[in-house]
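A.B. asks: Sharing data_22.cif, mmCIF, C-alpha atoms:
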```cif
data_input
#
loop_
_atom_site.group_PDB
_atom_site.id
_atom_site.type_symbol
_atom_site.label_atom_id
_atom_site.label_comp_id
_atom_site.auth_asym_id
_atom_site.auth_seq_id
_atom_site.Cartn_x
_atom_site.Cartn_y
_atom_site.Cartn_z
ATOM 1 C CA MET P 1 0.000 0.000 0.000
ATOM 2 C CA ASP P 2 1.399 3.369 -0.969
ATOM 3 C CA VAL P 3 0.802 6.660 0.822
ATOM 4 C CA ASP P 4 -2.153 7.670 -1.375
ATOM 5 C CA GLU P 5 -3.926 4.392 -0.637
ATOM 6 C CA ALA P 6 -3.243 4.769 3.085
ATOM 7 C CA LEU P 7 -4.673 8.296 3.056
ATOM 8 C CA ARG P 8 -7.753 7.074 1.171
ATOM 9 C CA ARG P 9 -8.335 4.368 3.791
ATOM 10 C CA LEU P 10 -8.046 6.963 6.591
ATOM 11 C CA ALA P 11 -10.449 9.293 4.762
ATOM 12 C CA GLU P 12 -12.911 6.437 4.220
ATOM 13 C CA ALA P 13 -12.822 5.579 7.911
ATOM 14 C CA ASP P 14 -13.254 9.230 8.857
ATOM 15 C CA GLY P 15 -16.218 9.671 6.498
ATOM 16 C CA ASP P 16 -17.846 6.385 7.542
ATOM 17 C CA ARG P 17 -17.358 5.062 3.997
ATOM 18 C CA ARG P 18 -15.586 1.816 4.827
ATOM 19 C CA ARG P 19 -15.145 -0.472 1.842
ATOM 20 C CA PRO P 20 -16.152 -4.122 2.316
ATOM 21 C CA GLU P 21 -12.893 -5.487 0.915
ATOM 22 C CA TRP P 22 -11.008 -3.937 3.855
ATOM 23 C CA CYS P 23 -13.519 -5.080 6.473
ATOM 24 C CA GLY P 24 -13.618 -8.580 7.842
ATOM 25 C CA GLY P 25 -10.533 -10.680 8.028
ATOM 26 C CA ARG P 26 -7.794 -10.471 10.590
ATOM 27 C CA TYR P 27 -5.193 -7.744 10.879
ATOM 28 C CA LEU P 28 -2.420 -6.988 13.326
ATOM 29 C CA ALA P 29 -1.087 -3.495 13.977
ATOM 30 C CA VAL P 30 2.643 -3.367 14.764
ATOM 31 C CA ALA P 31 5.072 -0.536 15.351
ATOM 32 C CA TYR P 32 8.615 0.249 16.354
ATOM 33 C CA GLY P 33 9.425 3.191 18.546
ATOM 34 C CA GLU P 34 9.755 4.511 22.032
ATOM 35 C CA ASN P 35 6.734 4.125 24.357
ATOM 36 C CA LEU P 36 4.559 2.364 21.762
ATOM 37 C CA ALA P 37 2.314 -0.395 23.150
ATOM 38 C CA LEU P 38 2.283 -1.995 19.692
ATOM 39 C CA ASP P 39 6.078 -2.140 19.540
ATOM 40 C CA VAL P 40 7.382 -5.212 17.744
ATOM 41 C CA GLU P 41 9.540 -6.008 20.787
ATOM 42 C CA HIS P 42 6.313 -6.917 22.620
ATOM 43 C CA LEU P 43 5.396 -9.187 19.719
ATOM 44 C CA ARG P 44 8.755 -10.931 20.064
ATOM 45 C CA SER P 45 8.487 -11.327 23.842
ATOM 46 C CA LEU P 46 4.780 -12.203 24.103
ATOM 47 C CA GLY P 47 4.370 -14.212 20.918
ATOM 48 C CA ALA P 48 1.703 -13.604 18.297
ATOM 49 C CA GLU P 49 -1.212 -15.062 20.280
ATOM 50 C CA ARG P 50 -0.722 -12.879 23.365
ATOM 51 C CA PHE P 51 0.308 -9.803 21.356
ATOM 52 C CA ALA P 52 -2.977 -10.063 19.443
ATOM 53 C CA ALA P 53 -4.775 -8.863 22.577
ATOM 54 C CA ARG P 54 -3.119 -5.482 21.941
ATOM 55 C CA GLY P 55 -2.887 -5.253 18.184
ATOM 56 C CA ALA P 56 -5.545 -7.466 16.590
ATOM 57 C CA ALA P 57 -8.220 -5.848 14.439
ATOM 58 C CA ALA P 58 -11.174 -7.101 12.381
ATOM 59 C CA SER P 59 -10.574 -4.591 9.574
ATOM 60 C CA LEU P 60 -7.769 -2.587 8.055
ATOM 61 C CA TYR P 61 -9.564 0.538 9.268
ATOM 62 C CA ASP P 62 -9.553 -0.699 12.871
ATOM 63 C CA ALA P 63 -5.848 -1.565 12.595
ATOM 64 C CA LEU P 64 -5.085 1.965 11.379
ATOM 65 C CA ASP P 65 -7.071 3.341 14.313
ATOM 66 C CA LEU P 66 -5.048 1.170 16.717
ATOM 67 C CA LEU P 67 -1.858 2.671 15.283
ATOM 68 C CA ALA P 68 -3.250 6.203 15.534
ATOM 69 C CA ASP P 69 -4.328 5.646 19.152
ATOM 70 C CA ASP P 70 -0.947 4.164 20.062
ATOM 71 C CA LEU P 71 0.903 7.103 18.508
ATOM 72 C CA VAL P 72 -1.167 9.575 20.501
ATOM 73 C CA ALA P 73 -0.793 7.593 23.745
ATOM 74 C CA ALA P 74 2.984 7.337 23.293
ATOM 75 C CA THR P 75 3.343 11.115 23.281
ATOM 76 C CA GLY P 76 1.618 11.496 26.643
ATOM 77 C CA GLU P 77 0.055 14.713 25.356
ATOM 78 C CA PRO P 78 -3.366 15.651 24.002
ATOM 79 C CA VAL P 79 -3.561 14.853 20.304
ATOM 80 C CA GLU P 80 -4.183 18.495 19.423
ATOM 81 C CA ASP P 81 -0.882 19.506 21.077
ATOM 82 C CA VAL P 82 0.978 16.976 18.945
ATOM 83 C CA LEU P 83 -0.979 17.739 15.787
ATOM 84 C CA ASP P 84 -0.803 21.558 15.819
ATOM 85 C CA PRO P 85 2.949 21.904 15.074
ATOM 86 C CA LEU P 86 2.618 19.442 12.190
ATOM 87 C CA GLU P 87 -0.425 21.286 10.835
ATOM 88 C CA ASP P 88 1.611 24.499 10.775
ATOM 89 C CA ASP P 89 3.728 22.916 8.031
ATOM 90 C CA VAL P 90 0.753 21.960 5.837
ATOM 91 C CA SER P 91 0.138 24.635 3.259
ATOM 92 C CA PRO P 92 -3.448 25.281 2.136
ATOM 93 C CA ALA P 93 -2.443 23.999 -1.301
ATOM 94 C CA GLY P 94 -1.168 20.781 0.306
ATOM 95 C CA ASP P 95 -4.395 20.092 2.183
ATOM 96 C CA VAL P 96 -6.134 18.431 -0.756
ATOM 97 C CA PRO P 97 -8.133 15.197 -0.938
ATOM 98 C CA PRO P 98 -7.772 12.750 0.559
ATOM 99 C CA LEU P 99 -5.861 14.619 3.310
ATOM 100 C CA SER P 100 -8.510 17.354 3.487
ATOM 101 C CA GLU P 101 -11.153 14.669 4.096
ATOM 102 C CA ILE P 102 -9.417 13.422 7.249
ATOM 103 C CA VAL P 103 -10.704 15.527 10.118
ATOM 104 C CA SER P 104 -10.343 13.196 13.104
ATOM 105 C CA PRO P 105 -7.288 14.546 14.958
ATOM 106 C CA ARG P 106 -5.809 11.106 15.647
ATOM 107 C CA ARG P 107 -6.277 9.899 12.055
ATOM 108 C CA ARG P 108 -4.958 13.199 10.730
ATOM 109 C CA LEU P 109 -1.865 12.811 12.919
ATOM 110 C CA LEU P 110 -1.255 9.372 11.407
ATOM 111 C CA ALA P 111 -1.798 10.769 7.899
ATOM 112 C CA LEU P 112 0.665 13.622 8.430
ATOM 113 C CA LEU P 113 3.283 11.240 9.810
ATOM 114 C CA LEU P 114 2.856 8.986 6.764
ATOM 115 C CA LEU P 115 3.337 12.059 4.577
ATOM 116 C CA GLY P 116 6.626 12.820 6.343
ATOM 117 C CA PHE P 117 5.609 15.863 8.364
ATOM 118 C CA GLY P 118 7.149 14.342 11.514
ATOM 119 C CA GLY P 119 10.346 13.428 9.668
ATOM 120 C CA PRO P 120 11.165 11.652 6.424
ATOM 121 C CA MET P 121 9.186 8.426 5.981
ATOM 122 C CA ASP P 122 9.524 5.636 3.441
ATOM 123 C CA LEU P 123 6.515 3.538 2.524
ATOM 124 C CA VAL P 124 7.829 0.074 1.832
ATOM 125 C CA THR P 125 6.046 -1.731 -0.996
ATOM 126 C CA GLU P 126 8.330 -4.708 -1.595
ATOM 127 C CA ARG P 127 10.956 -6.845 0.148
ATOM 128 C CA PHE P 128 9.234 -6.230 3.478
ATOM 129 C CA GLU P 129 11.441 -8.760 5.272
ATOM 130 C CA GLU P 130 14.449 -6.496 4.620
ATOM 131 C CA GLU P 131 12.937 -3.483 6.411
ATOM 132 C CA HIS P 132 15.195 -2.653 9.369
ATOM 133 C CA TYR P 133 12.643 -2.103 12.146
ATOM 134 C CA LEU P 134 9.651 -4.339 11.358
ATOM 135 C CA GLY P 135 10.839 -6.734 8.678
ATOM 136 C CA ASP P 136 11.293 -9.642 11.052
ATOM 137 C CA ALA P 137 7.676 -9.378 12.241
ATOM 138 C CA LEU P 138 6.848 -11.631 9.316
ATOM 139 C CA ALA P 139 8.898 -14.402 10.949
ATOM 140 C CA GLN P 140 6.976 -13.909 14.204
ATOM 141 C CA VAL P 141 3.607 -14.304 12.490
ATOM 142 C CA PRO P 142 3.824 -17.084 9.872
ATOM 143 C CA GLY P 143 1.462 -16.663 6.931
ATOM 144 C CA ALA P 144 1.064 -12.916 7.473
ATOM 145 C CA ARG P 145 1.772 -10.228 4.894
ATOM 146 C CA PHE P 146 2.220 -6.491 5.233
ATOM 147 C CA VAL P 147 -0.538 -4.375 3.732
ATOM 148 C CA LEU P 148 1.091 -1.209 5.109
ATOM 149 C CA LEU P 149 4.670 -0.652 6.195
ATOM 150 C CA ALA P 150 6.049 2.826 6.812
ATOM 151 C CA SER P 151 9.515 3.394 8.183
ATOM 152 C CA ALA P 152 11.456 6.475 9.168
ATOM 153 C CA ALA P 153 14.076 7.161 6.572
ATOM 154 C CA PRO P 154 17.406 6.313 8.249
ATOM 155 C CA PRO P 155 19.179 7.789 10.085
ATOM 156 C CA HIS P 156 16.563 10.368 11.104
ATOM 157 C CA GLN P 157 14.578 8.541 13.765
ATOM 158 C CA GLU P 158 13.929 5.060 15.031
ATOM 159 C CA PHE P 159 10.279 4.698 14.144
ATOM 160 C CA ALA P 160 8.113 2.454 11.975
ATOM 161 C CA LEU P 161 4.536 1.286 11.803
ATOM 162 C CA GLY P 162 2.725 -1.384 9.889
ATOM 163 C CA VAL P 163 -0.378 -3.478 9.447
ATOM 164 C CA LEU P 164 -0.145 -7.189 8.852
ATOM 165 C CA GLU P 165 -2.919 -9.147 7.238
ATOM 166 C CA LEU P 166 -3.168 -12.538 8.929
ATOM 167 C CA GLY P 167 -3.932 -15.156 6.315
ATOM 168 C CA ARG P 168 -5.564 -14.497 2.984
ATOM 169 C CA ARG P 169 -9.117 -13.342 2.427
#
```
Mind turning the file's structure into structure tokens?

C.D. replies:
Amino acid sequence: MDVDEALRRLAEADGDRRRPEWCGGRYLAVAYGENLALDVEHLRSLGAERFAARGAAASLYDALDLLADDLVAATGEPVEDVLDPLEDDVSPAGDVPPLSEIVSPRRRLLALLLLGFGGPMDLVTERFEEEHYLGDALAQVPGARFVLLASAAPPHQEFALGVLELGRR
């Protein structure tokens, strides 16, 4: 999934326009970074079954919301306080669909991070297992595949987030 697709999914969730092909199924939200409850280190230590209590979702939309909630919780600040400095960097010309359709502060925070407003981000679309922070999550959850994997462009910050689809639809 590239950044445009990710933004469309966030906009669909925000506008209550969830598409059936992304609902149902089993997804797992994973991340890498300081203070994140969904950190892949917990997946390694707890195992997939126990980690699922934190990161399992019944839709891609719910998995994205888990990531957004975890990002906000990790800051220890109200979402608006985290979002406002990032919003200052968004020009009116840059706030176009689907970004302009995302009004939920927590989803908008996730969208802006995916767009690189918190620091350079790479959206990984192939060779997921080679990704430095989350690539080995595939070994922890056999049969899973990444539908979203975003990683801070090295060496800027140690941060990544992803959504695994567990089994095929």

A.B. asks: Compile a residue-level contact table for stretch 35-57 of chain P against stretch 23-28 of chain P at a cut-off of 7 Å, reporting for every qualifying residue the shortest atom pair and its distance in Å to one decimal, with only C-alpha atoms counted, rows ordered by chain and ascending number, as CSV.

C.D. replies:
```
residue,atom,partner,partner_atom,distance
P:Ala52,CA,P:Leu28,CA,6.9
P:Gly55,CA,P:Leu28,CA,5.2
P:Ala56,CA,P:Leu28,CA,4.5
P:Ala57,CA,P:Tyr27,CA,5.0
```

A.B. asks: Generate a file of the selected residues that holds C-alpha atoms, formatted as a PDB file, keeping the file's coordinate frame.

C.D. replies:
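To be explicit, this is the file written out as part32.pdb:
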```
ATOM      1  CA  ALA P  52      -2.977 -10.063  19.443  1.00  0.00           C
ATOM      2  CA  GLY P  55      -2.887  -5.253  18.184  1.00  0.00           C
ATOM      3  CA  ALA P  56      -5.545  -7.466  16.590  1.00  0.00           C
ATOM      4  CA  ALA P  57      -8.220  -5.848  14.439  1.00  0.00           C
TER       5      ALA P  57
END
```

A.B. asks: Could you check which residues have any atom within 10 Å of (6.6, 10.8, 9.0), counting all atoms listed in the file with coordinates taken straight from the file, and then list them as number ranges by chain?

C.D. replies: P: 109-123, 150-153, 157, 159-160

A.B. asks: Starting from the displayed file, determine the output of the PyMOL selection byres ((chain P and resi 39) around 10) and express the residue list as an NGL selection string.

C.D. replies: :P and (29-38 or 40-44 or 51 or 55 or 70 or 133-134 or 159-161)

A.B. asks: Calculate how many Å separate atom CA of P:Asp89 from atom CA of P:Val124, rounding to one decimal.

C.D. replies: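 We find that atom CA of P:Asp89 and atom CA of P:Val124 lie 24.0 Å from each other.
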
A.B. asks: What residues come out when you apply the PyMOL selection byres ((chain P and resi 163) around 6) to this file, written as JSON, numbers by chain?

C.D. replies: {"P": [28, 29, 146, 147, 148, 162, 164]}

A.B. asks: Convert the output of the PyMOL selection byres ((chain P and resi 22) around 6) on the shown file into explicit residues, formatted as a PDB file with C-alpha atoms, keeping the file's coordinate frame.

C.D. replies:
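Saved the output as selection31.pdb:
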```
ATOM      1  CA  ARG P  19     -15.145  -0.472   1.842  1.00  0.00           C
ATOM      2  CA  PRO P  20     -16.152  -4.122   2.316  1.00  0.00           C
ATOM      3  CA  GLU P  21     -12.893  -5.487   0.915  1.00  0.00           C
ATOM      4  CA  CYS P  23     -13.519  -5.080   6.473  1.00  0.00           C
ATOM      5  CA  SER P  59     -10.574  -4.591   9.574  1.00  0.00           C
ATOM      6  CA  LEU P  60      -7.769  -2.587   8.055  1.00  0.00           C
TER       7      LEU P  60
END
```
